[in-house]
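Containing PDB, C-alpha atoms: my_file_34.pdb.
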MODEL        1
ATOM      1  CA  MET Y   5     -12.808 -13.842 -51.155
ATOM      2  CA  VAL Y   6     -16.326 -12.536 -50.584
ATOM      3  CA  PRO Y   7     -16.307  -8.721 -50.366
ATOM      4  CA  GLN Y   8     -16.935  -7.302 -46.946
ATOM      5  CA  ASN Y   9     -19.965  -5.288 -48.057
ATOM      6  CA  TRP Y  10     -21.868  -8.459 -48.883
ATOM      7  CA  TYR Y  11     -21.694  -9.348 -45.224
ATOM      8  CA  LEU Y  12     -22.600  -5.803 -44.185
ATOM      9  CA  LEU Y  13     -25.545  -5.771 -46.601
ATOM     10  CA  LEU Y  14     -26.757  -9.100 -45.271
ATOM     11  CA  SER Y  15     -26.546  -7.963 -41.671
ATOM     12  CA  ALA Y  16     -28.367  -4.727 -42.547
ATOM     13  CA  LEU Y  17     -31.158  -6.885 -44.005
ATOM     14  CA  LEU Y  18     -31.243  -9.129 -40.938
ATOM     15  CA  PHE Y  19     -31.312  -6.091 -38.665
ATOM     16  CA  GLY Y  20     -34.157  -4.574 -40.693
ATOM     17  CA  LEU Y  21     -36.157  -7.798 -40.420
ATOM     18  CA  GLY Y  22     -35.572  -7.725 -36.680
ATOM     19  CA  ILE Y  23     -36.958  -4.179 -36.528
ATOM     20  CA  VAL Y  24     -40.024  -5.209 -38.541
ATOM     21  CA  GLY Y  25     -40.646  -8.111 -36.182
ATOM     22  CA  PHE Y  26     -40.137  -6.076 -33.029
ATOM     23  CA  VAL Y  27     -42.353  -3.168 -34.045
ATOM     24  CA  SER Y  28     -45.121  -4.924 -35.923
ATOM     25  CA  ARG Y  29     -45.686  -8.129 -33.912
ATOM     26  CA  ARG Y  30     -47.583  -7.943 -30.637
ATOM     27  CA  ASN Y  31     -46.711 -11.405 -29.319
ATOM     28  CA  SER Y  32     -43.998 -10.670 -26.765
ATOM     29  CA  LEU Y  33     -42.222 -13.980 -27.451
ATOM     30  CA  VAL Y  34     -41.865 -13.119 -31.135
ATOM     31  CA  MET Y  35     -40.729  -9.632 -30.160
ATOM     32  CA  PHE Y  36     -37.909 -11.196 -28.109
ATOM     33  CA  MET Y  37     -36.949 -13.416 -31.019
ATOM     34  CA  SER Y  38     -36.710 -10.314 -33.210
ATOM     35  CA  VAL Y  39     -34.339  -8.717 -30.696
ATOM     36  CA  GLU Y  40     -32.191 -11.841 -30.964
ATOM     37  CA  LEU Y  41     -32.167 -11.414 -34.742
ATOM     38  CA  MET Y  42     -30.893  -7.857 -34.373
ATOM     39  CA  LEU Y  43     -28.163  -8.859 -31.900
ATOM     40  CA  ASN Y  44     -27.120 -11.608 -34.280
ATOM     41  CA  ALA Y  45     -26.865  -9.139 -37.153
ATOM     42  CA  ALA Y  46     -24.622  -6.946 -34.988
ATOM     43  CA  ASN Y  47     -22.405  -9.961 -34.286
ATOM     44  CA  LEU Y  48     -22.071 -10.583 -37.999
ATOM     45  CA  VAL Y  49     -20.862  -7.003 -38.499
ATOM     46  CA  PHE Y  50     -18.302  -7.383 -35.685
ATOM     47  CA  VAL Y  51     -16.816 -10.518 -37.214
ATOM     48  CA  ALA Y  52     -16.987  -9.342 -40.835
ATOM     49  CA  CYS Y  53     -15.326  -5.997 -40.113
ATOM     50  CA  ALA Y  54     -12.660  -7.545 -37.917
ATOM     51  CA  ARG Y  55     -11.644 -10.095 -40.557
ATOM     52  CA  GLY Y  56      -9.236  -7.840 -42.379
ATOM     53  CA  HIS Y  57      -7.797  -6.147 -39.311
ATOM     54  CA  GLU Y  58      -7.900  -8.066 -36.055
ATOM     55  CA  PRO Y  59     -10.085 -11.173 -36.254
ATOM     56  CA  VAL Y  60      -9.412 -12.088 -32.625
ATOM     57  CA  ARG Y  61     -10.886  -8.869 -31.286
ATOM     58  CA  GLY Y  62     -13.961  -9.263 -33.445
ATOM     59  CA  SER Y  63     -14.570 -12.681 -31.949
ATOM     60  CA  VAL Y  64     -14.085 -11.340 -28.411
ATOM     61  CA  ALA Y  65     -16.614  -8.542 -29.010
ATOM     62  CA  ALA Y  66     -19.119 -10.997 -30.485
ATOM     63  CA  LEU Y  67     -18.635 -13.273 -27.477
ATOM     64  CA  PHE Y  68     -19.590 -10.422 -25.142
ATOM     65  CA  VAL Y  69     -22.687  -9.715 -27.248
ATOM     66  CA  ILE Y  70     -23.704 -13.381 -27.033
ATOM     67  CA  ALA Y  71     -23.302 -13.347 -23.240
ATOM     68  CA  VAL Y  72     -25.395 -10.188 -22.898
ATOM     69  CA  ALA Y  73     -28.037 -11.690 -25.211
ATOM     70  CA  ALA Y  74     -28.212 -14.789 -23.025
ATOM     71  CA  ALA Y  75     -28.739 -12.638 -19.919
ATOM     72  CA  GLU Y  76     -31.376 -10.592 -21.721
ATOM     73  CA  VAL Y  77     -33.286 -13.693 -22.824
ATOM     74  CA  ALA Y  78     -33.295 -15.155 -19.299
ATOM     75  CA  VAL Y  79     -34.727 -11.986 -17.742
ATOM     76  CA  GLY Y  80     -37.062 -11.304 -20.662
ATOM     77  CA  LEU Y  81     -38.624 -14.748 -20.646
ATOM     78  CA  ALA Y  82     -39.079 -14.514 -16.867
ATOM     79  CA  LEU Y  83     -40.935 -11.238 -17.453
ATOM     80  CA  VAL Y  84     -43.106 -12.908 -20.106
ATOM     81  CA  LEU Y  85     -43.939 -15.673 -17.627
ATOM     82  CA  ALA Y  86     -44.828 -13.133 -14.921
ATOM     83  CA  LEU Y  87     -46.952 -11.179 -17.405
ATOM     84  CA  PHE Y  88     -48.758 -14.349 -18.454
ATOM     85  CA  ARG Y  89     -49.475 -15.214 -14.827
ATOM     86  CA  LEU Y  90     -50.976 -11.771 -14.322
ATOM     87  CA  LYS Y  91     -52.888 -11.313 -17.596
ATOM     88  CA  LYS Y  92     -53.316 -14.843 -19.018
ATOM     89  CA  SER Y  93     -51.889 -13.482 -22.271
ATOM     90  CA  VAL Y  94     -48.533 -12.758 -23.884
ATOM     91  CA  ASN Y  95     -49.912  -9.991 -26.079
ATOM     92  CA  ALA Y  96     -47.944  -6.815 -25.454
ATOM     93  CA  ASP Y  97     -51.076  -4.699 -25.969
ATOM     94  CA  ASP Y  98     -52.734  -6.322 -22.943
ATOM     95  CA  ALA Y  99     -50.308  -4.653 -20.531
ATOM     96  CA  GLN Y 100     -51.067  -0.953 -20.817
ATOM     97  CA  GLU Y 101     -51.679   0.096 -17.216
ATOM     98  CA  LEU Y 102     -48.859   2.624 -17.333
ATOM     99  CA  ARG Y 103     -50.374   4.331 -20.353
ATOM    100  CA  ALA Y 104     -51.574   7.826 -19.483
TER
ATOM    101  CA  MET E  23     -12.240 -18.154 -54.665
ATOM    102  CA  ILE E  24     -15.586 -19.316 -55.969
ATOM    103  CA  ASP E  25     -16.075 -21.749 -53.086
ATOM    104  CA  GLU E  26     -16.390 -19.068 -50.424
ATOM    105  CA  ARG E  27     -18.884 -17.245 -52.588
ATOM    106  CA  ILE E  28     -21.100 -20.308 -52.907
ATOM    107  CA  ALA E  29     -20.869 -20.934 -49.157
ATOM    108  CA  PHE E  30     -21.767 -17.314 -48.470
ATOM    109  CA  LEU E  31     -24.821 -17.421 -50.728
ATOM    110  CA  PHE E  32     -25.930 -20.743 -49.238
ATOM    111  CA  PHE E  33     -25.682 -19.647 -45.601
ATOM    112  CA  ALA E  34     -27.003 -16.145 -46.300
ATOM    113  CA  THR E  35     -30.099 -17.655 -47.903
ATOM    114  CA  ILE E  36     -30.688 -19.828 -44.848
ATOM    115  CA  ALA E  37     -30.201 -16.895 -42.465
ATOM    116  CA  LEU E  38     -32.508 -14.602 -44.435
ATOM    117  CA  ALA E  39     -35.220 -17.213 -44.964
ATOM    118  CA  GLY E  40     -35.177 -18.015 -41.249
ATOM    119  CA  ALA E  41     -35.398 -14.334 -40.296
ATOM    120  CA  VAL E  42     -38.311 -13.690 -42.686
ATOM    121  CA  ASN E  43     -40.229 -16.647 -41.312
ATOM    122  CA  VAL E  44     -39.629 -15.567 -37.686
ATOM    123  CA  VAL E  45     -41.393 -12.312 -38.494
ATOM    124  CA  VAL E  46     -44.132 -13.814 -40.664
ATOM    125  CA  ARG E  47     -45.152 -17.040 -38.898
ATOM    126  CA  ARG E  48     -48.209 -16.716 -36.678
ATOM    127  CA  ASN E  49     -47.425 -19.679 -34.416
ATOM    128  CA  PRO E  50     -44.527 -18.828 -32.057
ATOM    129  CA  VAL E  51     -43.286 -22.448 -32.090
ATOM    130  CA  HIS E  52     -42.780 -22.235 -35.851
ATOM    131  CA  GLY E  53     -41.095 -18.875 -35.381
ATOM    132  CA  ALA E  54     -38.693 -20.332 -32.805
ATOM    133  CA  LEU E  55     -37.758 -23.221 -35.110
ATOM    134  CA  TRP E  56     -37.151 -20.838 -38.012
ATOM    135  CA  LEU E  57     -35.021 -18.748 -35.656
ATOM    136  CA  VAL E  58     -32.835 -21.832 -35.127
ATOM    137  CA  ALA E  59     -32.403 -22.036 -38.911
ATOM    138  CA  SER E  60     -31.406 -18.378 -39.021
ATOM    139  CA  PHE E  61     -28.864 -18.873 -36.209
ATOM    140  CA  LEU E  62     -27.372 -21.892 -37.956
ATOM    141  CA  GLY E  63     -27.058 -19.870 -41.164
ATOM    142  CA  VAL E  64     -25.186 -17.116 -39.314
ATOM    143  CA  ALA E  65     -22.991 -19.772 -37.669
ATOM    144  CA  GLY E  66     -22.066 -20.964 -41.175
ATOM    145  CA  LEU E  67     -21.222 -17.388 -42.117
ATOM    146  CA  PHE E  68     -18.932 -17.182 -39.067
ATOM    147  CA  LEU E  69     -17.201 -20.290 -40.395
ATOM    148  CA  THR E  70     -16.673 -18.753 -43.830
ATOM    149  CA  LEU E  71     -15.260 -15.673 -42.065
ATOM    150  CA  GLY E  72     -12.710 -17.872 -40.304
ATOM    151  CA  ALA E  73     -14.196 -17.559 -36.803
ATOM    152  CA  GLY E  74     -14.657 -21.237 -36.031
ATOM    153  CA  LEU E  75     -14.813 -20.819 -32.263
ATOM    154  CA  LEU E  76     -17.592 -18.269 -32.590
ATOM    155  CA  ALA E  77     -19.510 -20.582 -34.944
ATOM    156  CA  ALA E  78     -19.342 -23.364 -32.360
ATOM    157  CA  ILE E  79     -20.446 -21.024 -29.563
ATOM    158  CA  GLN E  80     -23.256 -19.709 -31.751
ATOM    159  CA  VAL E  81     -24.577 -23.231 -32.313
ATOM    160  CA  MET E  82     -24.243 -24.205 -28.636
ATOM    161  CA  VAL E  83     -25.437 -21.036 -26.905
ATOM    162  CA  TYR E  84     -27.889 -19.554 -29.407
ATOM    163  CA  ALA E  85     -29.268 -22.506 -31.336
ATOM    164  CA  GLY E  86     -28.955 -24.728 -28.282
ATOM    165  CA  ALA E  87     -29.444 -23.039 -24.926
ATOM    166  CA  ILE E  88     -31.382 -19.905 -25.812
ATOM    167  CA  MET E  89     -33.761 -21.669 -28.179
ATOM    168  CA  VAL E  90     -34.447 -24.424 -25.652
ATOM    169  CA  LEU E  91     -35.354 -21.677 -23.182
ATOM    170  CA  PHE E  92     -37.726 -20.123 -25.733
ATOM    171  CA  LEU E  93     -39.388 -23.447 -26.514
ATOM    172  CA  PHE E  94     -39.699 -24.317 -22.805
ATOM    173  CA  VAL E  95     -41.520 -21.057 -22.148
ATOM    174  CA  ILE E  96     -43.787 -21.556 -25.162
ATOM    175  CA  LEU E  97     -44.651 -25.069 -23.992
ATOM    176  CA  LEU E  98     -45.160 -23.848 -20.419
ATOM    177  CA  LEU E  99     -47.589 -21.154 -21.533
ATOM    178  CA  ASN E 100     -49.505 -23.644 -23.707
ATOM    179  CA  LEU E 101     -50.871 -20.971 -26.027
ATOM    180  CA  GLU E 102     -53.559 -21.674 -28.574
ATOM    181  CA  ALA E 103     -52.897 -20.726 -32.196
ATOM    182  CA  PRO E 104     -53.336 -16.956 -32.272
ATOM    183  CA  PRO E 105     -55.572 -15.237 -34.803
ATOM    184  CA  PHE E 106     -54.180 -13.073 -37.589
ATOM    185  CA  GLU E 107     -53.035  -9.834 -36.001
ATOM    186  CA  GLY E 108     -54.225  -7.815 -38.947
ATOM    187  CA  LEU E 109     -52.751  -5.056 -41.031
ATOM    188  CA  SER E 110     -52.415  -1.820 -39.155
ATOM    189  CA  LEU E 111     -50.807   1.575 -39.379
ATOM    190  CA  ALA E 112     -48.100   0.371 -36.990
ATOM    191  CA  ARG E 113     -47.136  -2.445 -39.353
ATOM    192  CA  GLY E 114     -46.744  -0.138 -42.329
ATOM    193  CA  ALA E 115     -44.756   2.304 -40.211
ATOM    194  CA  SER E 116     -42.518  -0.502 -38.955
ATOM    195  CA  LEU E 117     -41.781  -1.601 -42.504
ATOM    196  CA  LEU E 118     -40.851   1.964 -43.409
ATOM    197  CA  ALA E 119     -38.648   2.309 -40.324
ATOM    198  CA  ALA E 120     -36.881  -0.958 -41.111
ATOM    199  CA  ILE E 121     -36.249  -0.004 -44.739
ATOM    200  CA  ALA E 122     -34.957   3.396 -43.637
ATOM    201  CA  THR E 123     -32.594   1.820 -41.090
ATOM    202  CA  ALA E 124     -31.280  -0.741 -43.557
ATOM    203  CA  ALA E 125     -30.771   1.992 -46.157
ATOM    204  CA  LEU E 126     -28.941   4.107 -43.591
ATOM    205  CA  LEU E 127     -26.626   1.187 -42.824
ATOM    206  CA  VAL E 128     -25.921   0.529 -46.509
ATOM    207  CA  TRP E 129     -25.661   4.171 -47.603
ATOM    208  CA  PRO E 130     -21.925   4.726 -46.839
ATOM    209  CA  PHE E 131     -20.966   1.864 -49.144
ATOM    210  CA  VAL E 132     -23.061   3.223 -51.982
ATOM    211  CA  ARG E 133     -21.711   6.731 -51.598
ATOM    212  CA  ASP E 134     -18.046   6.025 -51.042
ATOM    213  CA  PRO E 135     -16.580   3.841 -53.810
ATOM    214  CA  GLU E 136     -13.288   3.615 -51.950
ATOM    215  CA  LEU E 137     -15.043   1.918 -49.057
ATOM    216  CA  LYS E 138     -16.987  -0.195 -51.528
ATOM    217  CA  HIS E 139     -13.896  -1.757 -53.043
ATOM    218  CA  ALA E 140     -11.835  -1.853 -49.881
ATOM    219  CA  ALA E 141      -9.433  -4.761 -50.117
ATOM    220  CA  THR E 142      -9.195  -6.982 -47.071
ATOM    221  CA  PRO E 143      -5.593  -7.059 -45.854
ATOM    222  CA  GLN E 144      -4.221 -10.377 -44.721
ATOM    223  CA  VAL E 145      -3.518 -10.786 -41.031
ATOM    224  CA  ASP E 146      -1.303 -13.373 -39.438
ATOM    225  CA  LEU E 147      -3.273 -13.824 -36.191
ATOM    226  CA  PRO E 148      -6.362 -15.930 -36.964
ATOM    227  CA  ALA E 149      -9.304 -16.123 -34.556
ATOM    228  CA  THR E 150      -8.559 -19.571 -33.210
ATOM    229  CA  ALA E 151      -9.755 -20.683 -29.798
ATOM    230  CA  GLY E 152      -6.269 -20.235 -28.342
ATOM    231  CA  ASN E 153      -5.817 -16.697 -29.649
ATOM    232  CA  VAL E 154      -9.302 -15.626 -28.563
ATOM    233  CA  ALA E 155      -8.794 -17.102 -25.095
ATOM    234  CA  GLY E 156      -5.387 -15.445 -24.833
ATOM    235  CA  LEU E 157      -6.923 -12.027 -25.434
ATOM    236  CA  LEU E 158     -10.062 -12.718 -23.394
ATOM    237  CA  PHE E 159      -8.205 -13.765 -20.254
ATOM    238  CA  THR E 160      -5.477 -11.106 -20.355
ATOM    239  CA  LYS E 161      -6.458  -7.795 -21.887
ATOM    240  CA  TYR E 162     -10.218  -8.272 -21.585
ATOM    241  CA  ALA E 163     -10.171 -10.056 -18.234
ATOM    242  CA  LEU E 164     -12.083  -7.292 -16.436
ATOM    243  CA  PRO E 165     -14.937  -7.090 -18.998
ATOM    244  CA  PHE E 166     -15.047 -10.881 -18.910
ATOM    245  CA  GLU E 167     -15.548 -10.861 -15.139
ATOM    246  CA  ILE E 168     -18.165  -8.125 -15.417
ATOM    247  CA  VAL E 169     -20.082 -10.173 -18.002
ATOM    248  CA  SER E 170     -19.988 -13.220 -15.746
ATOM    249  CA  LEU E 171     -21.358 -11.063 -12.913
ATOM    250  CA  LEU E 172     -24.064  -9.814 -15.289
ATOM    251  CA  LEU E 173     -25.050 -13.406 -16.062
ATOM    252  CA  LEU E 174     -25.247 -14.187 -12.350
ATOM    253  CA  VAL E 175     -27.420 -11.114 -11.707
ATOM    254  CA  ALA E 176     -29.652 -12.034 -14.663
ATOM    255  CA  MET E 177     -30.030 -15.573 -13.345
ATOM    256  CA  VAL E 178     -30.994 -14.431  -9.840
ATOM    257  CA  GLY E 179     -33.314 -11.796 -11.278
ATOM    258  CA  ALA E 180     -34.989 -14.263 -13.632
ATOM    259  CA  ILE E 181     -35.635 -16.695 -10.779
ATOM    260  CA  HIS E 182     -37.044 -13.913  -8.624
ATOM    261  CA  VAL E 183     -39.310 -12.517 -11.348
ATOM    262  CA  ALA E 184     -40.628 -15.863 -12.610
ATOM    263  CA  ARG E 185     -41.131 -17.362  -9.129
ATOM    264  CA  ARG E 186     -44.683 -18.078  -8.029
ATOM    265  CA  PRO E 187     -45.601 -15.568  -5.274
ATOM    266  CA  ARG E 188     -46.048 -16.998  -1.776
ATOM    267  CA  ARG E 189     -49.514 -17.083  -0.270
ATOM    268  CA  ASP E 190     -48.848 -14.458   2.382
ATOM    269  CA  GLU E 191     -47.509 -11.828  -0.003
ATOM    270  CA  PRO E 192     -49.456  -9.801  -2.586
ATOM    271  CA  ALA E 193     -48.975 -10.888  -6.198
TER
ENDMDL
END
Written form, structure tokens:
Amino acid sequence: MVPQNWYLLLSALLFGLGIVGFVSRRNSLVMFMSVELMLNAANLVFVACARGHEPVRGSVAALFVIAVAAAEVAVGLALVLALFRLKKSVNADDAQELRA
Amino acid sequence: MIDERIAFLFFATIALAGAVNVVVRRNPVHGALWLVASFLGVAGLFLTLGAGLLAAIQVMVYAGAIMVLFLFVILLLNLEAPPFEGLSLARGASLLAAIATAALLVWPFVRDPELKHAATPQVDLPATAGNVAGLLFTKYALPFEIVSLLLLVAMVGAIHVARRPRRDEPA
């Protein structure tokens, strides 16, 4: 039996990598992929922590996260497309009109 | 059981290597393909945790549908290979923030030895497709319906946002 903290440590690492990608990359597609990494890490925590108590509920929670992630990707990629049509670029730094 | 340990290390390596390459690769197509590897690694971890249904859904929805969407958009945009984004203050700060967050997540297990060696009790209700569906369609029926409504709203919104504007309306 693999100890639970191994899974928690791994998902902390995956979440940290997602943060690095989201904050440091300026390509909005890669930023979205990093968000997916973070959501995936959260799913891993749900399932790993539910294993010893109620595995079914962990799976249900992770299912909801996957559904929300799918919705987020659909809207986010549509926004990237709209941004590209407007700016001819997917660089997040090219859309700064709201900056004071 | 040594087998589960080997499986964990194998899939964890795949997931971590994929995640590192998503962040590091300059070409977004390479990043998307490495993201598939990371998702497949996590799906394997779901299998070792006994959540087979979730592993299957992870492969179908994440590694299948979502990644196809990503690759479609990348192909549609037809981007040239971007230049190196350079080292900046923001990158160093992001690394610090990530390390701090990961440390914050791990800290309770370092501090509390009781939590560190917590034994996993055995449960008699495994996360099979039947059990998950039984809970999803009875107790969690309302959240399930709300999520399906959310998906519908997201779909309509995505079509509206990505649609090419008509000639007689401002862009």
Tell me as a PyMOL selection string which residues belonging to chain E come within 6 Å of chain Y, counting all atoms listed in the file. chain E and resi 23+27+45+113+116-117+120+124+142-143+149+154+173+176+180+183-184
Can you turn the PyMOL selection byres ((chain E and resi 43) around 10) into a concrete residue list for this file, as a PyMOL selection string? (chain Y and resi 21+25) or (chain E and resi 38-42+44-48+52-57+59-60)
Save out the residues we just selected, C-alpha atoms, as a JSON list (two decimals), keeping the file's coordinate frame.
[["chain", "number", "residue", "atom", "x", "y", "z"],
["Y", 21, "LEU", "CA", -36.16, -7.80, -40.42],
["Y", 25, "GLY", "CA", -40.65, -8.11, -36.18],
["E", 38, "LEU", "CA", -32.51, -14.60, -44.44],
["E", 39, "ALA", "CA", -35.22, -17.21, -44.96],
["E", 40, "GLY", "CA", -35.18, -18.02, -41.25],
["E", 41, "ALA", "CA", -35.40, -14.33, -40.30],
["E", 42, "VAL", "CA", -38.31, -13.69, -42.69],
["E", 44, "VAL", "CA", -39.63, -15.57, -37.69],
["E", 45, "VAL", "CA", -41.39, -12.31, -38.49],
["E", 46, "VAL", "CA", -44.13, -13.81, -40.66],
["E", 47, "ARG", "CA", -45.15, -17.04, -38.90],
["E", 48, "ARG", "CA", -48.21, -16.72, -36.68],
["E", 52, "HIS", "CA", -42.78, -22.24, -35.85],
["E", 53, "GLY", "CA", -41.10, -18.88, -35.38],
["E", 54, "ALA", "CA", -38.69, -20.33, -32.80],
["E", 55, "LEU", "CA", -37.76, -23.22, -35.11],
["E", 56, "TRP", "CA", -37.15, -20.84, -38.01],
["E", 57, "LEU", "CA", -35.02, -18.75, -35.66],
["E", 59, "ALA", "CA", -32.40, -22.04, -38.91],
["E", 60, "SER", "CA", -31.41, -18.38, -39.02]]
Pick the closest to E:Ala73 from E:Val178, E:Ile88, E:Leu147, E:Leu171: which is it, counting all atoms listed in the file?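 Closest to E:Ala73 of all the choices is E:Leu147.
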Any chance you could resolve the PyMOL selection byres ((chain E and resi 64-68) around 8) against this file and give the residues as a ChimeraX atom specification? /Y:44,48,51 /E:29-30,33-34,37,60-63,69-74,76-78,80-81
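Atom CA of E:Leu75 lies 10.1 Å from atom CA of E:Ala155.
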Can you work out the spacing between atom CA of E:Tyr84 and atom CA of Y:Leu43 in Å, to one decimal?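 Computing the Euclidean distance for atom CA of E:Tyr84 and atom CA of Y:Leu43 yields 11.0 Å.
In this model, the gap between atom CA of Y:Ala99 and atom CA of E:Phe94 comes to 22.5 Å.
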Shortest contact to E:Leu101, candidates E:Val51, E:Val83, E:Phe32, E:Leu172, atoms counted all atoms listed in the file, goes to E:Val51
Please enclose the listed atoms of stretch 52-62 of chain Y in an axis-aligned box, pad each side by 8 Å, and write out the centre and the three edge lengths in Å, rounded to one decimal, as AutoDock Vina command-line options.
--center_x -12.4 --center_y -9.0 --center_z -36.8 --size_x 25.2 --size_y 22.1 --size_z 27.1
